[in-house]
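> Provided below: my_file_27.txt, containing compact mmCIF, N, CA and C atoms.
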# COMPACT_ATOMS: atom_id res chain seq x y z
N MET U 1 77.34 127.14 129.43
CA MET U 1 78.50 126.37 129.84
C MET U 1 78.38 124.93 129.37
N ASN U 2 77.20 124.30 129.54
CA ASN U 2 76.99 122.92 129.10
C ASN U 2 77.12 122.79 127.58
N ALA U 3 76.67 123.83 126.85
CA ALA U 3 76.79 123.80 125.39
C ALA U 3 78.26 123.82 124.98
N GLN U 4 79.07 124.62 125.68
CA GLN U 4 80.50 124.66 125.38
C GLN U 4 81.16 123.32 125.69
N ARG U 5 80.79 122.74 126.82
CA ARG U 5 81.35 121.44 127.21
C ARG U 5 80.95 120.38 126.18
N GLY U 6 79.70 120.43 125.75
CA GLY U 6 79.22 119.47 124.75
C GLY U 6 79.96 119.61 123.43
N MET U 7 80.19 120.87 123.01
CA MET U 7 80.93 121.11 121.77
C MET U 7 82.38 120.63 121.92
N GLY U 8 82.96 120.85 123.10
CA GLY U 8 84.33 120.39 123.35
C GLY U 8 84.43 118.88 123.28
N LEU U 9 83.46 118.17 123.89
CA LEU U 9 83.45 116.70 123.84
C LEU U 9 83.24 116.21 122.41
N LEU U 10 82.36 116.90 121.67
CA LEU U 10 82.13 116.53 120.27
C LEU U 10 83.42 116.70 119.46
N GLY U 11 84.12 117.81 119.69
CA GLY U 11 85.39 118.05 118.99
C GLY U 11 86.43 117.00 119.31
N ILE U 12 86.55 116.64 120.59
CA ILE U 12 87.52 115.61 121.00
C ILE U 12 87.14 114.27 120.38
N SER U 13 85.85 113.93 120.38
CA SER U 13 85.40 112.67 119.78
C SER U 13 85.73 112.62 118.30
N LEU U 14 85.50 113.73 117.62
CA LEU U 14 85.79 113.79 116.19
C LEU U 14 87.29 113.61 115.94
N LEU U 15 88.13 114.27 116.74
CA LEU U 15 89.58 114.15 116.61
C LEU U 15 90.03 112.71 116.84
N VAL U 16 89.47 112.04 117.84
CA VAL U 16 89.81 110.64 118.12
C VAL U 16 89.43 109.75 116.93
N CYS U 17 88.24 109.97 116.36
CA CYS U 17 87.80 109.16 115.20
C CYS U 17 88.73 109.37 114.00
N ILE U 18 89.12 110.62 113.74
CA ILE U 18 90.02 110.91 112.62
C ILE U 18 91.36 110.24 112.84
N THR U 19 91.88 110.30 114.07
CA THR U 19 93.17 109.69 114.39
C THR U 19 93.12 108.19 114.21
N ILE U 20 92.05 107.54 114.70
CA ILE U 20 91.92 106.09 114.56
C ILE U 20 91.82 105.70 113.10
N THR U 21 91.05 106.45 112.32
CA THR U 21 90.91 106.16 110.88
C THR U 21 92.26 106.28 110.19
N ALA U 22 93.02 107.33 110.50
CA ALA U 22 94.34 107.52 109.88
C ALA U 22 95.28 106.39 110.26
N GLN U 23 95.24 105.94 111.52
CA GLN U 23 96.10 104.85 111.96
C GLN U 23 95.71 103.55 111.27
N GLU U 24 94.40 103.32 111.09
CA GLU U 24 93.95 102.10 110.40
C GLU U 24 94.41 102.11 108.95
N ARG U 25 94.31 103.27 108.29
CA ARG U 25 94.78 103.38 106.90
C ARG U 25 96.27 103.08 106.82
N GLN U 26 97.04 103.65 107.75
CA GLN U 26 98.48 103.45 107.75
C GLN U 26 98.80 101.98 108.01
N ALA U 27 98.08 101.34 108.91
CA ALA U 27 98.34 99.94 109.25
C ALA U 27 98.00 99.01 108.09
N ASN U 28 97.10 99.44 107.20
CA ASN U 28 96.66 98.58 106.10
C ASN U 28 97.42 98.81 104.81
N ARG U 29 98.54 99.52 104.84
CA ARG U 29 99.31 99.74 103.61
C ARG U 29 99.82 98.40 103.10
N GLU U 30 99.80 98.28 101.80
CA GLU U 30 100.25 97.05 101.14
C GLU U 30 101.40 97.38 100.20
N PRO U 31 102.27 96.42 99.91
CA PRO U 31 103.31 96.64 98.90
C PRO U 31 102.67 97.00 97.56
N ILE U 32 103.33 97.86 96.81
CA ILE U 32 102.82 98.32 95.51
C ILE U 32 103.95 98.23 94.50
N THR U 33 103.63 97.90 93.27
CA THR U 33 104.63 97.93 92.20
C THR U 33 104.12 98.84 91.08
N PHE U 34 105.06 99.42 90.34
CA PHE U 34 104.74 100.32 89.23
C PHE U 34 105.67 100.04 88.07
N PRO U 35 105.15 100.03 86.85
CA PRO U 35 106.06 99.95 85.70
C PRO U 35 106.76 101.29 85.54
N LEU U 36 107.99 101.27 85.08
CA LEU U 36 108.76 102.50 84.89
C LEU U 36 108.73 102.92 83.42
N ASP U 37 107.52 103.13 82.86
CA ASP U 37 107.46 103.58 81.48
C ASP U 37 107.07 105.05 81.43
N CYS U 38 108.03 105.88 81.73
CA CYS U 38 107.84 107.33 81.69
C CYS U 38 108.14 107.80 80.27
N ALA U 39 107.14 108.33 79.61
CA ALA U 39 107.31 108.76 78.22
C ALA U 39 108.26 109.95 78.09
N GLY U 40 108.36 110.76 79.12
CA GLY U 40 109.25 111.91 79.08
C GLY U 40 108.98 112.82 80.26
N GLY U 41 110.01 113.53 80.68
CA GLY U 41 109.86 114.43 81.81
C GLY U 41 109.79 113.68 83.13
N ASP U 42 109.10 114.26 84.10
CA ASP U 42 108.98 113.72 85.45
C ASP U 42 107.65 112.99 85.59
N CYS U 43 107.69 111.73 86.00
CA CYS U 43 106.48 110.92 86.15
C CYS U 43 106.36 110.43 87.59
N PRO U 44 105.66 111.18 88.47
CA PRO U 44 105.51 110.74 89.86
C PRO U 44 104.77 109.41 89.95
N LEU U 45 105.23 108.54 90.84
CA LEU U 45 104.60 107.23 91.05
C LEU U 45 104.12 107.10 92.49
N LEU U 46 105.01 107.27 93.46
CA LEU U 46 104.63 107.29 94.87
C LEU U 46 104.29 108.73 95.22
N LYS U 47 103.10 108.95 95.76
CA LYS U 47 102.64 110.32 95.96
C LYS U 47 102.47 110.71 97.42
N GLY U 48 103.10 109.97 98.34
CA GLY U 48 103.01 110.31 99.75
C GLY U 48 101.74 109.76 100.38
N SER U 49 101.37 110.31 101.53
CA SER U 49 100.23 109.85 102.31
C SER U 49 98.94 110.05 101.51
N PRO U 50 97.99 109.15 101.58
CA PRO U 50 97.95 107.93 102.39
C PRO U 50 98.59 106.72 101.70
N GLN U 51 99.10 106.89 100.51
CA GLN U 51 99.71 105.78 99.77
C GLN U 51 100.95 105.26 100.49
N THR U 52 101.73 106.17 101.10
CA THR U 52 102.94 105.81 101.83
C THR U 52 102.96 106.57 103.15
N GLY U 53 103.97 106.34 103.95
CA GLY U 53 104.11 107.06 105.20
C GLY U 53 104.77 108.41 105.02
N GLY U 54 104.90 108.90 103.81
CA GLY U 54 105.52 110.19 103.55
C GLY U 54 106.51 110.14 102.39
N MET U 55 106.91 108.94 102.00
CA MET U 55 107.85 108.79 100.88
C MET U 55 107.12 109.10 99.57
N ARG U 56 107.84 109.77 98.68
CA ARG U 56 107.34 110.02 97.33
C ARG U 56 108.41 109.57 96.36
N GLY U 57 108.03 109.28 95.13
CA GLY U 57 109.00 108.86 94.15
C GLY U 57 108.42 108.80 92.77
N GLY U 58 109.30 108.68 91.80
CA GLY U 58 108.86 108.59 90.42
C GLY U 58 110.04 108.34 89.51
N SER U 59 109.78 108.43 88.23
CA SER U 59 110.85 108.24 87.26
C SER U 59 110.92 109.44 86.34
N VAL U 60 112.10 109.67 85.78
CA VAL U 60 112.34 110.80 84.89
C VAL U 60 113.04 110.29 83.65
N THR U 61 112.63 110.81 82.51
CA THR U 61 113.30 110.54 81.23
C THR U 61 113.63 111.89 80.60
N LEU U 62 114.92 112.12 80.34
CA LEU U 62 115.35 113.38 79.75
C LEU U 62 116.09 113.12 78.44
N LYS U 63 115.77 113.91 77.43
CA LYS U 63 116.49 113.85 76.16
C LYS U 63 117.83 114.56 76.32
N PRO U 64 118.79 114.31 75.41
CA PRO U 64 120.07 115.02 75.50
C PRO U 64 119.87 116.53 75.59
N GLY U 65 120.56 117.13 76.57
CA GLY U 65 120.47 118.58 76.77
C GLY U 65 119.33 119.03 77.67
N GLU U 66 118.34 118.19 77.92
CA GLU U 66 117.22 118.58 78.77
C GLU U 66 117.59 118.52 80.25
N SER U 67 116.86 119.29 81.04
CA SER U 67 117.02 119.21 82.49
C SER U 67 115.65 119.14 83.14
N VAL U 68 115.64 118.67 84.37
CA VAL U 68 114.38 118.52 85.10
C VAL U 68 113.92 119.86 85.67
N GLY U 69 114.83 120.80 85.88
CA GLY U 69 114.49 122.11 86.42
C GLY U 69 114.96 122.26 87.87
N TRP U 70 115.37 123.46 88.22
CA TRP U 70 115.87 123.72 89.57
C TRP U 70 114.74 123.56 90.58
N HIS U 71 115.05 122.91 91.67
CA HIS U 71 114.10 122.73 92.78
C HIS U 71 114.88 122.43 94.05
N SER U 72 114.20 122.47 95.19
CA SER U 72 114.85 122.23 96.47
C SER U 72 114.26 120.99 97.14
N THR U 73 115.08 120.31 97.88
CA THR U 73 114.60 119.15 98.63
C THR U 73 113.80 119.58 99.86
N GLY U 74 113.95 120.82 100.30
CA GLY U 74 113.23 121.28 101.49
C GLY U 74 113.59 120.41 102.68
N GLN U 75 112.61 119.98 103.43
CA GLN U 75 112.83 119.15 104.61
C GLN U 75 112.80 117.66 104.25
N HIS U 76 113.28 117.34 103.06
CA HIS U 76 113.33 115.95 102.59
C HIS U 76 114.74 115.62 102.14
N GLU U 77 115.05 114.34 102.11
CA GLU U 77 116.28 113.89 101.48
C GLU U 77 115.86 113.15 100.21
N GLU U 78 116.74 113.14 99.22
CA GLU U 78 116.38 112.57 97.92
C GLU U 78 117.48 111.62 97.45
N ALA U 79 117.06 110.51 96.87
CA ALA U 79 117.98 109.58 96.25
C ALA U 79 117.63 109.49 94.77
N LEU U 80 118.66 109.52 93.93
CA LEU U 80 118.51 109.36 92.48
C LEU U 80 119.20 108.06 92.10
N VAL U 81 118.47 107.17 91.43
CA VAL U 81 119.04 105.92 90.95
C VAL U 81 119.09 106.03 89.43
N ILE U 82 120.30 106.13 88.90
CA ILE U 82 120.48 106.32 87.46
C ILE U 82 120.38 104.96 86.77
N LEU U 83 119.41 104.84 85.88
CA LEU U 83 119.17 103.57 85.18
C LEU U 83 119.88 103.51 83.83
N HIS U 84 119.92 104.65 83.12
CA HIS U 84 120.47 104.65 81.77
C HIS U 84 120.95 106.06 81.42
N GLY U 85 122.08 106.14 80.75
CA GLY U 85 122.57 107.42 80.25
C GLY U 85 123.55 108.10 81.18
N LYS U 86 123.87 109.36 80.80
CA LYS U 86 124.82 110.17 81.56
C LYS U 86 124.20 111.53 81.82
N GLY U 87 124.59 112.11 82.94
CA GLY U 87 124.07 113.43 83.27
C GLY U 87 124.91 114.08 84.34
N ALA U 88 124.35 115.14 84.90
CA ALA U 88 125.01 115.85 85.99
C ALA U 88 123.96 116.31 86.98
N ALA U 89 124.29 116.17 88.27
CA ALA U 89 123.49 116.79 89.32
C ALA U 89 124.08 118.17 89.53
N ASN U 90 123.32 119.19 89.20
CA ASN U 90 123.76 120.57 89.37
C ASN U 90 123.33 120.99 90.78
N ILE U 91 124.30 121.24 91.65
CA ILE U 91 124.02 121.60 93.04
C ILE U 91 124.38 123.07 93.22
N GLU U 92 123.42 123.87 93.66
CA GLU U 92 123.66 125.30 93.81
C GLU U 92 124.87 125.57 94.70
N GLY U 93 125.80 126.36 94.18
CA GLY U 93 126.98 126.75 94.93
C GLY U 93 128.08 125.71 94.95
N GLN U 94 127.93 124.61 94.22
CA GLN U 94 128.94 123.55 94.20
C GLN U 94 129.22 123.12 92.76
N ALA U 95 130.29 122.38 92.59
CA ALA U 95 130.61 121.83 91.27
C ALA U 95 129.57 120.77 90.90
N ASP U 96 129.30 120.64 89.61
CA ASP U 96 128.37 119.61 89.14
C ASP U 96 128.90 118.22 89.52
N VAL U 97 127.97 117.33 89.83
CA VAL U 97 128.32 115.95 90.18
C VAL U 97 127.97 115.07 88.99
N PRO U 98 128.96 114.41 88.35
CA PRO U 98 128.68 113.55 87.21
C PRO U 98 127.80 112.36 87.62
N LEU U 99 126.86 112.02 86.75
CA LEU U 99 125.97 110.87 86.97
C LEU U 99 126.09 109.91 85.80
N HIS U 100 126.05 108.62 86.08
CA HIS U 100 126.05 107.62 85.01
C HIS U 100 125.22 106.42 85.46
N GLU U 101 124.88 105.56 84.51
CA GLU U 101 124.00 104.43 84.85
C GLU U 101 124.63 103.54 85.91
N LYS U 102 123.73 102.87 86.62
CA LYS U 102 124.09 101.99 87.74
C LYS U 102 124.77 102.77 88.86
N MET U 103 124.22 103.97 89.13
CA MET U 103 124.76 104.85 90.17
C MET U 103 123.61 105.35 91.02
N LEU U 104 123.88 105.55 92.31
CA LEU U 104 122.93 106.18 93.21
C LEU U 104 123.54 107.49 93.69
N ALA U 105 122.76 108.57 93.62
CA ALA U 105 123.21 109.87 94.11
C ALA U 105 122.29 110.29 95.25
N TYR U 106 122.86 110.84 96.32
CA TYR U 106 122.11 111.32 97.47
C TYR U 106 122.12 112.83 97.49
N ILE U 107 120.93 113.44 97.65
CA ILE U 107 120.80 114.89 97.75
C ILE U 107 120.27 115.20 99.15
N PRO U 108 121.05 115.91 99.98
CA PRO U 108 120.63 116.18 101.36
C PRO U 108 119.47 117.18 101.44
N PRO U 109 118.86 117.29 102.63
CA PRO U 109 117.78 118.26 102.83
C PRO U 109 118.25 119.69 102.55
N ASP U 110 117.28 120.55 102.21
CA ASP U 110 117.52 121.97 101.97
C ASP U 110 118.59 122.23 100.91
N THR U 111 118.60 121.42 99.86
CA THR U 111 119.58 121.57 98.79
C THR U 111 118.88 121.92 97.48
N ARG U 112 119.20 123.08 96.94
CA ARG U 112 118.65 123.48 95.64
C ARG U 112 119.49 122.80 94.57
N HIS U 113 118.80 122.11 93.64
CA HIS U 113 119.53 121.32 92.65
C HIS U 113 118.72 121.14 91.37
N ASN U 114 119.37 120.57 90.38
CA ASN U 114 118.79 120.29 89.07
C ASN U 114 119.50 119.05 88.55
N VAL U 115 118.88 118.35 87.62
CA VAL U 115 119.55 117.23 86.95
C VAL U 115 119.48 117.52 85.45
N THR U 116 120.64 117.43 84.79
CA THR U 116 120.75 117.72 83.36
C THR U 116 121.31 116.50 82.63
N ASN U 117 120.73 116.18 81.48
CA ASN U 117 121.27 115.12 80.63
C ASN U 117 122.44 115.71 79.85
N THR U 118 123.64 115.23 80.15
CA THR U 118 124.85 115.73 79.47
C THR U 118 125.34 114.75 78.41
N GLY U 119 124.63 113.64 78.24
CA GLY U 119 125.07 112.62 77.28
C GLY U 119 124.41 112.77 75.92
N GLY U 120 124.68 111.81 75.06
CA GLY U 120 124.14 111.83 73.71
C GLY U 120 122.91 110.95 73.53
N GLU U 121 122.43 110.33 74.61
CA GLU U 121 121.23 109.50 74.54
C GLU U 121 120.33 109.81 75.74
N ILE U 122 119.20 109.15 75.81
CA ILE U 122 118.22 109.37 76.88
C ILE U 122 118.86 109.12 78.25
N LEU U 123 118.54 109.99 79.22
CA LEU U 123 118.91 109.79 80.62
C LEU U 123 117.65 109.37 81.36
N GLU U 124 117.69 108.20 81.98
CA GLU U 124 116.55 107.71 82.76
C GLU U 124 117.00 107.48 84.20
N TYR U 125 116.17 107.97 85.13
CA TYR U 125 116.49 107.71 86.54
C TYR U 125 115.21 107.66 87.37
N VAL U 126 115.34 107.06 88.52
CA VAL U 126 114.26 106.98 89.50
C VAL U 126 114.65 107.89 90.66
N TRP U 127 113.68 108.67 91.16
CA TRP U 127 113.92 109.52 92.32
C TRP U 127 113.02 109.07 93.47
N VAL U 128 113.56 109.15 94.66
CA VAL U 128 112.81 108.83 95.88
C VAL U 128 113.08 109.93 96.88
N VAL U 129 112.03 110.51 97.42
CA VAL U 129 112.12 111.59 98.39
C VAL U 129 111.41 111.15 99.66
N ALA U 130 112.06 111.35 100.80
CA ALA U 130 111.46 110.98 102.08
C ALA U 130 111.67 112.11 103.09
N PRO U 131 110.71 112.30 104.00
CA PRO U 131 110.89 113.33 105.03
C PRO U 131 112.07 113.00 105.93
N VAL U 132 112.74 114.04 106.38
CA VAL U 132 113.84 113.85 107.32
C VAL U 132 113.24 113.41 108.65
N LYS U 133 113.82 112.39 109.23
CA LYS U 133 113.30 111.91 110.52
C LYS U 133 113.67 112.88 111.63
N PRO U 134 112.80 113.01 112.64
CA PRO U 134 113.13 113.90 113.75
C PRO U 134 114.34 113.39 114.52
N PRO U 135 115.08 114.28 115.21
CA PRO U 135 116.30 113.87 115.91
C PRO U 135 116.07 112.77 116.95
N ASP U 136 114.86 112.69 117.52
CA ASP U 136 114.61 111.68 118.55
C ASP U 136 114.07 110.35 117.99
N PHE U 137 114.04 110.23 116.65
CA PHE U 137 113.54 109.01 116.01
C PHE U 137 114.49 107.85 116.29
N LYS U 138 113.93 106.74 116.69
CA LYS U 138 114.73 105.54 116.98
C LYS U 138 114.70 104.65 115.75
N ASP U 139 115.85 104.40 115.15
CA ASP U 139 115.96 103.52 113.99
C ASP U 139 115.65 102.10 114.43
N ARG U 140 114.71 101.48 113.76
CA ARG U 140 114.30 100.13 114.14
C ARG U 140 115.00 99.07 113.31
N GLY U 141 116.10 99.43 112.69
CA GLY U 141 116.92 98.44 111.98
C GLY U 141 116.36 98.01 110.64
N ALA U 142 115.56 98.86 109.99
CA ALA U 142 115.02 98.48 108.70
C ALA U 142 116.16 98.33 107.70
N HIS U 143 116.14 97.25 106.99
CA HIS U 143 117.14 96.90 105.98
C HIS U 143 118.45 96.94 106.64
Kindly return the structure encoded in the file as C-alpha cells.

Amino acid sequence: MNAQRGMGLLGISLLVCITITAQERQANREPITFPLDCAGGDCPLLKGSPQTGGMRGGSVTLKPGESVGWHSTGQHEEALVILHGKGAANIEGQADVPLHEKMLAYIPPDTRHNVTNTGGEILEYVWVVAPVKPPDFKDRGAH
C-alpha cells in the first residue's frame, strides 16, 4: 500500500513539474518575424506549440495552374492573405471563391478545401491556422 501511495505521489509530482515547465515556456514566448521567401509550394513558418499557443502559419507560392491540394481545416479556422496574383478557393460542395491580391479569405472549421492559381502569374499568399476556441472562452479584447 505504501509503495502504491509513493508511486502516486511521484506521479502527481511529475505532472506538476511538467505543467509548471509548460506554463513557463508559454509565459516566455517572444515576438518572432520571418521572411516570406517561399521558393515554391507550401512553406510552414509558425509550427504551433511550443513556438505559439496553437497558431500555425506559413506562405505558399503557386505557379499558374498549380494547386496546394485538398485538405480540411479540422477543428481549426484558417485565414488566407493573398499577396500577389489570382486564384480560387475551391470549397467542397460550394462554388469556387475568387481570390486576388490584397484580399483576406476566411475558411471555417471542418471545411475541406483547396487553393488553385487561376491566373497567368505566380500566386503568393500567407495562411494562418488557429484552433477553434471553446464555447466558454472569454474574449479578452485582443486587437
> Rounded to one decimal place, report the atom C of U:His113-atom N of U:Leu36 distance in Å.
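So the answer is 23.4 Å.
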> If you count all atoms listed in the file, which residues fall within 6 Å of stretch 88-105 of chain U, apart from same-chain ones fewer than 4 positions away, as a PDB file with N, CA and C atoms, keeping the file's coordinate frame?

ATOM      1  N   GLU U  78     116.740 113.140  99.220  1.00  0.00           N
ATOM      2  CA  GLU U  78     116.380 112.570  97.920  1.00  0.00           C
ATOM      3  C   GLU U  78     117.480 111.620  97.450  1.00  0.00           C
ATOM      4  N   ALA U  79     117.060 110.510  96.870  1.00  0.00           N
ATOM      5  CA  ALA U  79     117.980 109.580  96.250  1.00  0.00           C
ATOM      6  C   ALA U  79     117.630 109.490  94.770  1.00  0.00           C
ATOM      7  N   LEU U  80     118.660 109.520  93.930  1.00  0.00           N
ATOM      8  CA  LEU U  80     118.510 109.360  92.480  1.00  0.00           C
ATOM      9  C   LEU U  80     119.200 108.060  92.100  1.00  0.00           C
ATOM     10  N   VAL U  81     118.470 107.170  91.430  1.00  0.00           N
ATOM     11  CA  VAL U  81     119.040 105.920  90.950  1.00  0.00           C
ATOM     12  C   VAL U  81     119.090 106.030  89.430  1.00  0.00           C
ATOM     13  N   ILE U  82     120.300 106.130  88.900  1.00  0.00           N
ATOM     14  CA  ILE U  82     120.480 106.320  87.460  1.00  0.00           C
ATOM     15  C   ILE U  82     120.380 104.960  86.770  1.00  0.00           C
ATOM     16  N   LEU U  83     119.410 104.840  85.880  1.00  0.00           N
ATOM     17  CA  LEU U  83     119.170 103.570  85.180  1.00  0.00           C
ATOM     18  C   LEU U  83     119.880 103.510  83.830  1.00  0.00           C
ATOM     19  N   HIS U  84     119.920 104.650  83.120  1.00  0.00           N
ATOM     20  CA  HIS U  84     120.470 104.650  81.770  1.00  0.00           C
ATOM     21  C   HIS U  84     120.950 106.060  81.420  1.00  0.00           C
ATOM     22  N   ARG U 112     119.200 123.080  96.940  1.00  0.00           N
ATOM     23  CA  ARG U 112     118.650 123.480  95.640  1.00  0.00           C
ATOM     24  C   ARG U 112     119.490 122.800  94.570  1.00  0.00           C
ATOM     25  N   HIS U 113     118.800 122.110  93.640  1.00  0.00           N
ATOM     26  CA  HIS U 113     119.530 121.320  92.650  1.00  0.00           C
ATOM     27  C   HIS U 113     118.720 121.140  91.370  1.00  0.00           C
ATOM     28  N   ASN U 114     119.370 120.570  90.380  1.00  0.00           N
ATOM     29  CA  ASN U 114     118.790 120.290  89.070  1.00  0.00           C
ATOM     30  C   ASN U 114     119.500 119.050  88.550  1.00  0.00           C
ATOM     31  N   VAL U 115     118.880 118.350  87.620  1.00  0.00           N
ATOM     32  CA  VAL U 115     119.550 117.230  86.950  1.00  0.00           C
ATOM     33  C   VAL U 115     119.480 117.520  85.450  1.00  0.00           C
ATOM     34  N   THR U 116     120.640 117.430  84.790  1.00  0.00           N
ATOM     35  CA  THR U 116     120.750 117.720  83.360  1.00  0.00           C
ATOM     36  C   THR U 116     121.310 116.500  82.630  1.00  0.00           C
ATOM     37  N   ASN U 117     120.730 116.180  81.480  1.00  0.00           N
ATOM     38  CA  ASN U 117     121.270 115.120  80.630  1.00  0.00           C
ATOM     39  C   ASN U 117     122.440 115.710  79.850  1.00  0.00           C
ATOM     40  N   THR U 118     123.640 115.230  80.150  1.00  0.00           N
ATOM     41  CA  THR U 118     124.850 115.730  79.470  1.00  0.00           C
ATOM     42  C   THR U 118     125.340 114.750  78.410  1.00  0.00           C
TER      43      THR U 118
END
> So which residues touch U:Gly48 within 10 Å, counting only C-alpha atoms, skipping near sequence neighbours fewer than 5 positions away, as an MDAnalysis selection string?
chainID U and resid 53:57 129:131
> Give the answer as one residue: which of U:Gly85, U:Gly58, U:Pro50, U:Pro108 has the shortest atom-to-atom distance to U:Thr73, using all atoms listed in the file?
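Among the listed residues, the smallest separation from U:Thr73 belongs to U:Pro108.
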> Enter the distance from atom C of U:Lys63 to atom CA of U:Ile122, in Å, rounded to one decimal.
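If I compute the distance from atom C of U:Lys63 to atom CA of U:Ile122, I get 5.2 Å.
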